[in-house]
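Novice: Quick one: the structure is below, questions incoming.
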Amino acid sequence: MPGSRPFRLVSAGVVFLGLLALAGCAGTNTHAHGPEPRMAMKPPPINANDQRFADWLTGFRLDATKAGITGSTFDRAMRGIAPDEDVVAADQNQPEFVKPVWEYLRGALSDKRVARGKALLAENSELLDRIEKAYGVDRNVVVAIWGLESNFGDHMGTQSVVRSLATLGFEGRRPDFGRTQLIAALKIIQAGDITPEDMLGSWAGAMGQTQFIPTTYLAHAIDFDGDGRRDIWHSTADTLASTAHYLQVSGWQADGHWGFEVRMPKHFDYALADMSLTKTVAEWRKLGLKRADGRAFPAAVEVEKASLLLPAGYKGPAFLVLNNFRSILVYNASTSYALAVSLLADRFRGQGEITGKWPYDERPLTRSEREELQSLLTAKGYDHGKADGIIGYNTRKAIRSYQQSVGLPPDGYPTESLLERMRAN
Ligand code: CA
């Protein structure tokens with residue numbers, strides 16, 4: 001989901017999906033379509049005629065009016081809207097189990113998706129020429145995002161965005177998000193880009209083939225086919241140009257690399273594998289990092305800032321990620337997602353095979369195990385904030401300190417064996 005960015009920087013986007021996925025995979029963060037399938041959970045039933053919702057709607061109408069929404073737009077979009085209990089359930093569900101990053105990547109980089117992406121690149125080559133010229137963003141990356149966000153337009157979500165956002169504004173864990181996004185959605189409807197009925201998306205308000213949330217749409221969507229409407233639901237031109245434009249404003253550098261799979265030397269300091277730490281490629285090279293394919297780093301990237309990403313800890317593959325990888329993280333703050341986009345784009349070029357081995361015997365910790373790990377860290381005096389089951393920056397830092405104290409490679413990666421060791425002493 002574009003714009004999800006739990007902890008960092010400026011984002012037009014969704015945050016709470018981010019937090020869920022955070023728990024999930026290797027990354028600092030998360031994803032809606034990513035590694036984190038939600039499980040159904042039955043919430044208490046909501047009475048559609050609930051007076052509370054009617055009162056909420058009255059208050060919200062005032063806010064919408066202040067934001068420039070006319071009475072007729074409001075009535076047209078909100079007529080007959082009642083809270084959606086499936087949205088409440090999805091919003092409250094904190095999944096216990098997560099997919100390992102290698103399983104997520106296997107699905108994201110399936111042969112079928114690679115083949116379809118290649119066919120669509122060929123089919124839309126003239127359009128992609130123009131988009132590349134206008135925004136300076138690599139077509140392979142644009143098409144890879146299209147493939148991961150909506151499976152090239154197949155899965156845009158079937159829920160009414162207005163209803164989902166009204167539900168989140170009324171009863172969501174983050175009601176301000178729902179209200180802000182709903183006002184943005186009403187602005188889009190008022191501008192005539194889409195009707196309320198056709199404004200379909202995910203339960204969290206991610207819309208169309210780009211899965212933009214309404215504020216991201218308002219700020220970055222593009223009418224590239226020139227019909228006067230920004231239509232990320234039906235127009236391939238608008239969809240691909242909107243994605244390219246969003247990457248461009250997120251700092252994409254034309255002709256830049258996303259990064260490289262790398263190998264570390266023996267006795268490497270794994271505490272350096274931290275997305276919040278950057279060094280130039282030349283500095284990493286001096287620390288003994290080499291490209292996994294044995295080739296030299298291109299001279300152009302020597303001065304570029306890069307971070308070392310270990311999606312599955314020190315036992316798994318390693319990647320040196322550059323500026324363009326961070327631009328993909330603006331689109332969706334999950335490092336697993338950004339890696340999937342990068343590798344899928346490489347696969348379209350006939351590259352992108354990983355040579356490092358995944359630690360298949362290390363299953364990801366469940367949510368309860370992550371909470372237990374956090375409680376054990378606290379008990380041992382490693383402060384990380386509250387035990388919420390989310391392995392964010394502070395938890396990783398605390399894990400590294402513990403690993404260092406017992407002589408383990410300080411990769412900050414939570415594993416079953418680490419948990420067992422902490423339970424034991
Ligand atoms: Ca258009």
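Residues are referred to by chain and number: the chain letter is A, B, ... according to the order shown in the structure tokens, the number counts from 1 in that chain, and ligands are numbered separately from 1 in the order shown.
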Write out as a ChimeraX atom specification the residues lying within 7 Å of stretch 148-152 of chain A, counting only C-alpha atoms and excluding same-chain residues fewer than 2 positions away.
Specialist: /A:1,33,108,144-146,154-156,209-211
Novice: Would you mind listing the residues within 6 Å of ligand 1, counting only C-alpha atoms and all ligand atoms, as a ChimeraX atom specification?
Specialist: /A:223-231,238
Novice: So that I can check the surroundings of A:Leu287, please list as number ranges by chain every protein, DNA and RNA residue that reaches within 12 Å of it, counting only C-alpha atoms and ignoring chain neighbours fewer than 5 positions away.
Specialist: A: 263-270, 272, 279-282, 308
Novice: How would the residues just chosen look if you wrote them out with all heavy atoms as a CSV table (one decimal), in the first residue's frame?
Specialist:
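Done, and the output landed in again.csv:
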```
chain,number,residue,atom,x,y,z
A,263,ARG,N,28.3,-10.3,-0.3
A,263,ARG,CA,28.8,-11.3,0.7
A,263,ARG,C,29.7,-10.5,1.6
A,263,ARG,O,30.5,-9.6,1.2
A,263,ARG,CB,29.7,-12.3,-0.1
A,263,ARG,CG,28.9,-13.2,-1.0
A,263,ARG,CD,29.2,-14.7,-0.8
A,263,ARG,NE,28.3,-15.5,-1.6
A,263,ARG,CZ,28.5,-15.8,-2.9
A,263,ARG,NH1,29.7,-15.5,-3.4
A,263,ARG,NH2,27.6,-16.5,-3.6
A,264,MET,N,29.7,-10.9,2.9
A,264,MET,CA,30.5,-10.3,3.9
A,264,MET,C,31.8,-11.2,4.1
A,264,MET,O,31.7,-12.4,3.9
A,264,MET,CB,29.7,-10.2,5.2
A,264,MET,CG,28.9,-9.0,5.3
A,264,MET,SD,27.3,-9.3,4.6
A,264,MET,CE,26.6,-10.4,5.7
A,265,PRO,N,32.8,-10.5,4.6
A,265,PRO,CA,34.0,-11.3,4.9
A,265,PRO,C,33.8,-12.0,6.2
A,265,PRO,O,32.9,-11.8,6.9
A,265,PRO,CB,35.1,-10.2,5.1
A,265,PRO,CG,34.3,-9.0,5.5
A,265,PRO,CD,33.0,-9.1,4.8
A,266,LYS,N,34.7,-12.9,6.5
A,266,LYS,CA,34.7,-13.6,7.8
A,266,LYS,C,34.9,-12.5,8.9
A,266,LYS,O,35.5,-11.5,8.7
A,266,LYS,CB,35.8,-14.6,7.9
A,266,LYS,CG,35.5,-16.0,7.3
A,266,LYS,CD,36.4,-17.0,7.9
A,266,LYS,CE,35.9,-18.4,7.6
A,266,LYS,NZ,36.1,-18.8,6.2
A,267,HIS,N,34.4,-12.8,10.1
A,267,HIS,CA,34.5,-11.9,11.3
A,267,HIS,C,33.9,-10.5,11.0
A,267,HIS,O,34.5,-9.5,11.4
A,267,HIS,CB,36.0,-11.8,11.7
A,267,HIS,CG,36.6,-13.1,11.8
A,267,HIS,ND1,36.2,-14.1,12.7
A,267,HIS,CD2,37.7,-13.7,11.2
A,267,HIS,CE1,37.0,-15.1,12.6
A,267,HIS,NE2,37.9,-14.9,11.7
A,268,PHE,N,32.9,-10.5,10.2
A,268,PHE,CA,32.2,-9.2,9.9
A,268,PHE,C,31.4,-8.7,11.1
A,268,PHE,O,30.9,-9.5,11.9
A,268,PHE,CB,31.3,-9.3,8.7
A,268,PHE,CG,30.7,-8.0,8.3
A,268,PHE,CD1,31.4,-7.1,7.6
A,268,PHE,CD2,29.4,-7.8,8.5
A,268,PHE,CE1,30.9,-5.9,7.2
A,268,PHE,CE2,28.8,-6.6,8.1
A,268,PHE,CZ,29.5,-5.7,7.4
A,269,ASP,N,31.4,-7.4,11.3
A,269,ASP,CA,30.6,-6.9,12.5
A,269,ASP,C,29.1,-6.7,12.0
A,269,ASP,O,28.8,-5.7,11.4
A,269,ASP,CB,31.2,-5.5,12.9
A,269,ASP,CG,30.3,-4.9,14.0
A,269,ASP,OD1,29.4,-5.6,14.6
A,269,ASP,OD2,30.6,-3.7,14.4
A,270,TYR,N,28.3,-7.7,12.4
A,270,TYR,CA,26.9,-7.7,12.0
A,270,TYR,C,26.1,-6.5,12.5
A,270,TYR,O,25.0,-6.3,12.1
A,270,TYR,CB,26.3,-9.0,12.2
A,270,TYR,CG,26.8,-10.1,11.3
A,270,TYR,CD1,27.8,-11.0,11.7
A,270,TYR,CD2,26.3,-10.2,10.0
A,270,TYR,CE1,28.3,-11.9,10.9
A,270,TYR,CE2,26.8,-11.1,9.1
A,270,TYR,CZ,27.8,-12.0,9.6
A,270,TYR,OH,28.3,-12.9,8.7
A,272,LEU,N,26.6,-3.7,12.0
A,272,LEU,CA,26.5,-2.7,10.9
A,272,LEU,C,25.3,-2.9,9.9
A,272,LEU,O,25.0,-2.1,9.1
A,272,LEU,CB,27.8,-2.7,10.1
A,272,LEU,CG,29.1,-2.3,10.8
A,272,LEU,CD1,30.3,-2.5,9.9
A,272,LEU,CD2,29.0,-0.9,11.4
A,279,LYS,N,26.6,4.0,4.9
A,279,LYS,CA,28.0,4.3,4.5
A,279,LYS,C,28.1,4.3,3.0
A,279,LYS,O,27.2,3.8,2.3
A,279,LYS,CB,28.9,3.1,5.0
A,279,LYS,CG,29.1,3.0,6.5
A,279,LYS,CD,29.9,1.8,6.8
A,279,LYS,CE,30.1,1.6,8.3
A,279,LYS,NZ,30.8,2.7,8.9
A,280,THR,N,29.1,5.0,2.5
A,280,THR,CA,29.2,4.9,1.0
A,280,THR,C,29.6,3.5,0.6
A,280,THR,O,30.1,2.7,1.3
A,280,THR,CB,30.3,5.9,0.5
A,280,THR,OG1,31.6,5.4,1.0
A,280,THR,CG2,30.0,7.3,0.9
A,281,VAL,N,29.3,3.2,-0.7
A,281,VAL,CA,29.6,1.9,-1.2
A,281,VAL,C,31.1,1.7,-1.1
A,281,VAL,O,31.6,0.6,-0.8
A,281,VAL,CB,29.1,1.8,-2.7
A,281,VAL,CG1,29.7,0.5,-3.3
A,281,VAL,CG2,27.6,1.8,-2.7
A,282,ALA,N,31.9,2.7,-1.3
A,282,ALA,CA,33.4,2.6,-1.2
A,282,ALA,C,33.8,2.2,0.2
A,282,ALA,O,34.6,1.3,0.4
A,282,ALA,CB,34.1,3.9,-1.6
A,308,LEU,N,23.2,-1.9,4.7
A,308,LEU,CA,23.3,-3.4,4.6
A,308,LEU,C,22.0,-4.0,5.2
A,308,LEU,O,21.7,-3.8,6.3
A,308,LEU,CB,24.5,-3.9,5.4
A,308,LEU,CG,24.8,-5.4,5.3
A,308,LEU,CD1,25.0,-5.8,3.8
A,308,LEU,CD2,26.0,-5.7,6.1
```
Novice: Using only C-alpha atoms, which residue out of A:Gly381, A:Gly259, A:Gly294, A:Gly157 lies closest to A:Ser307?
Specialist: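 The answer is A:Gly259, which sits nearest to A:Ser307.
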Novice: Using DSSP on the backbone coordinates, identify all residues within stretch 113-315 of chain A classified as helix (DSSP H, G or I); present the result as a PyMOL selection string.
Specialist: chain A and resi 113-123+125-135+139-150+161-171+175-190+214-220+236-249+270-272+281-286+299-301
Novice: Nearest to A:Ala185 among A:Arg173, A:Arg163, A:Lys66, A:Lys305, with distances taken over only C-alpha atoms: which residue is it?
Specialist: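 Nearest candidate to A:Ala185 out of A:Arg173, A:Arg163, A:Lys66, A:Lys305: A:Arg163.
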Novice: Could you name the residues that touch A:Glu261 at 7 Å or less, counting only C-alpha atoms, but leaving out those on the same chain fewer than 5 positions away, as a PyMOL selection string?
Specialist: chain A and resi 291-292+318-320
Novice: From the options A:Asn140, A:Asn394, A:Thr167, A:Gln403, which residue's atoms come nearest to A:Phe348, counting only C-alpha atoms?
Specialist: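 The answer is A:Asn140, which sits nearest to A:Phe348.
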Novice: From the set A:Ala300, A:Leu240, A:Val87, A:Ala77, which residue has the shortest atom-to-atom contact distance to A:Ile188, counting only C-alpha atoms?
Specialist: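 Distance minimum relative to A:Ile188 lands on A:Ala77.
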Novice: Identify which of the residues A:Lys397, A:Arg106, A:Arg139, A:Arg79 lies closest to A:Val162, counting only C-alpha atoms when measuring atom-to-atom distances.
Specialist: A:Arg79
Novice: Pick out the residues sitting within 12 Å of A:Pro364, and hand them over as a PyMOL selection string; count only C-alpha atoms, and ignore anything fewer than 2 positions along from it in its own chain.
Specialist: chain A and resi 23-26+35-36+96-103+311-313+359-362+366-370+391+413-419
Novice: Counting only C-alpha atoms, what is within 12 Å of A:Tyr402, bar same-chain residues fewer than 5 positions away, as a list in words?
Specialist: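 Within the cut-off, the hits are Ala271, Leu373, Gln374, Leu376, Leu377, Thr378, Ala379, Lys380, Gly381, Tyr382, Asp383, His384, Thr395, Arg396, Lys397, Gly407, Leu408, Pro409, Pro410, Asp411, Gly412, Tyr413, Pro414, Leu418, Leu419, Arg421, Met422 and Asn425 of chain A.
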Novice: Identify which of the residues A:Ser110, A:Ser401, A:Ser125, A:Thr58 lies closest to A:Asp75, counting only C-alpha atoms when measuring atom-to-atom distances.
Specialist: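 Ranking A:Ser110, A:Ser401, A:Ser125, A:Thr58 by distance to A:Asp75, first place goes to A:Thr58.
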Novice: Please indicate the distance in Å from atom CA of A:Gly205 to atom CA of A:Val161, rounded to one decimal place.
Specialist: 5.2 Å
Novice: What lies within 12 Å of A:Val321 using only C-alpha atoms, ignoring chain neighbours under 4 positions off, as an NGL selection string?
Specialist: :A and (256-262 or 273-281 or 284 or 291 or 301 or 304-311 or 325-329 or 335 or 338-339 or 342-343)
Novice: Those residues with C-alpha atoms, as a PDB file, in the first residue's frame please?
Specialist:
```
ATOM      1  CA  GLY A 256      20.435   4.582 -10.422  1.00  0.00           C
ATOM      2  CA  HIS A 257      20.726   1.094  -8.987  1.00  0.00           C
ATOM      3  CA  TRP A 258      18.482  -0.238  -6.224  1.00  0.00           C
ATOM      4  CA  GLY A 259      21.320  -2.265  -4.749  1.00  0.00           C
ATOM      5  CA  PHE A 260      23.267  -5.515  -4.967  1.00  0.00           C
ATOM      6  CA  GLU A 261      23.343  -8.893  -3.322  1.00  0.00           C
ATOM      7  CA  VAL A 262      26.618  -8.988  -1.376  1.00  0.00           C
ATOM      8  CA  ALA A 273      23.563  -4.436   9.188  1.00  0.00           C
ATOM      9  CA  ASP A 274      21.110  -1.770  10.222  1.00  0.00           C
ATOM     10  CA  MET A 275      18.824   0.114   7.846  1.00  0.00           C
ATOM     11  CA  SER A 276      19.271   3.272   9.903  1.00  0.00           C
ATOM     12  CA  LEU A 277      23.037   3.196   9.284  1.00  0.00           C
ATOM     13  CA  THR A 278      24.527   4.319   5.965  1.00  0.00           C
ATOM     14  CA  LYS A 279      28.021   4.290   4.531  1.00  0.00           C
ATOM     15  CA  THR A 280      29.220   4.928   0.998  1.00  0.00           C
ATOM     16  CA  VAL A 281      29.621   1.898  -1.227  1.00  0.00           C
ATOM     17  CA  TRP A 284      31.460  -0.862   2.562  1.00  0.00           C
ATOM     18  CA  ARG A 291      29.083  -8.419  -4.810  1.00  0.00           C
ATOM     19  CA  VAL A 301      27.795   4.082  -7.060  1.00  0.00           C
ATOM     20  CA  GLU A 304      26.433   6.640  -2.945  1.00  0.00           C
ATOM     21  CA  LYS A 305      25.111   6.026   0.571  1.00  0.00           C
ATOM     22  CA  ALA A 306      24.035   2.454   1.189  1.00  0.00           C
ATOM     23  CA  SER A 307      22.711   0.297   4.010  1.00  0.00           C
ATOM     24  CA  LEU A 308      23.274  -3.379   4.607  1.00  0.00           C
ATOM     25  CA  LEU A 309      20.042  -5.386   4.700  1.00  0.00           C
ATOM     26  CA  LEU A 310      19.911  -8.926   6.098  1.00  0.00           C
ATOM     27  CA  PRO A 311      16.274  -9.915   5.515  1.00  0.00           C
ATOM     28  CA  PHE A 325      15.565   1.151  -2.679  1.00  0.00           C
ATOM     29  CA  ARG A 326      14.607   3.846  -0.173  1.00  0.00           C
ATOM     30  CA  SER A 327      12.316   5.431  -2.745  1.00  0.00           C
ATOM     31  CA  ILE A 328      10.481   2.116  -3.011  1.00  0.00           C
ATOM     32  CA  LEU A 329      10.187   2.123   0.783  1.00  0.00           C
ATOM     33  CA  THR A 335      11.871  -3.916   3.358  1.00  0.00           C
ATOM     34  CA  ALA A 338      11.002  -3.219  -1.504  1.00  0.00           C
ATOM     35  CA  LEU A 339      13.243  -6.250  -2.008  1.00  0.00           C
ATOM     36  CA  SER A 342      13.680  -4.740  -6.807  1.00  0.00           C
ATOM     37  CA  LEU A 343      14.206  -8.420  -7.537  1.00  0.00           C
TER      38      LEU A 343
END
```
Novice: Check stretch 164-341 of chain A with DSSP on the backbone and list each residue it calls strand (DSSP E or B), as a list in words.
Specialist: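 Residues meeting the strand (DSSP E or B) criterion: Leu200, Gly201, Met207, Phe212, Gly259, Phe260, Glu261, Val262, Arg263, Lys279, Thr280, Lys290, Arg291, Lys305, Ala306, Ser307, Leu308, Leu309, Pro311, Gly313, Ala318, Phe319, Leu320, Val321 and Asn332 of chain A.
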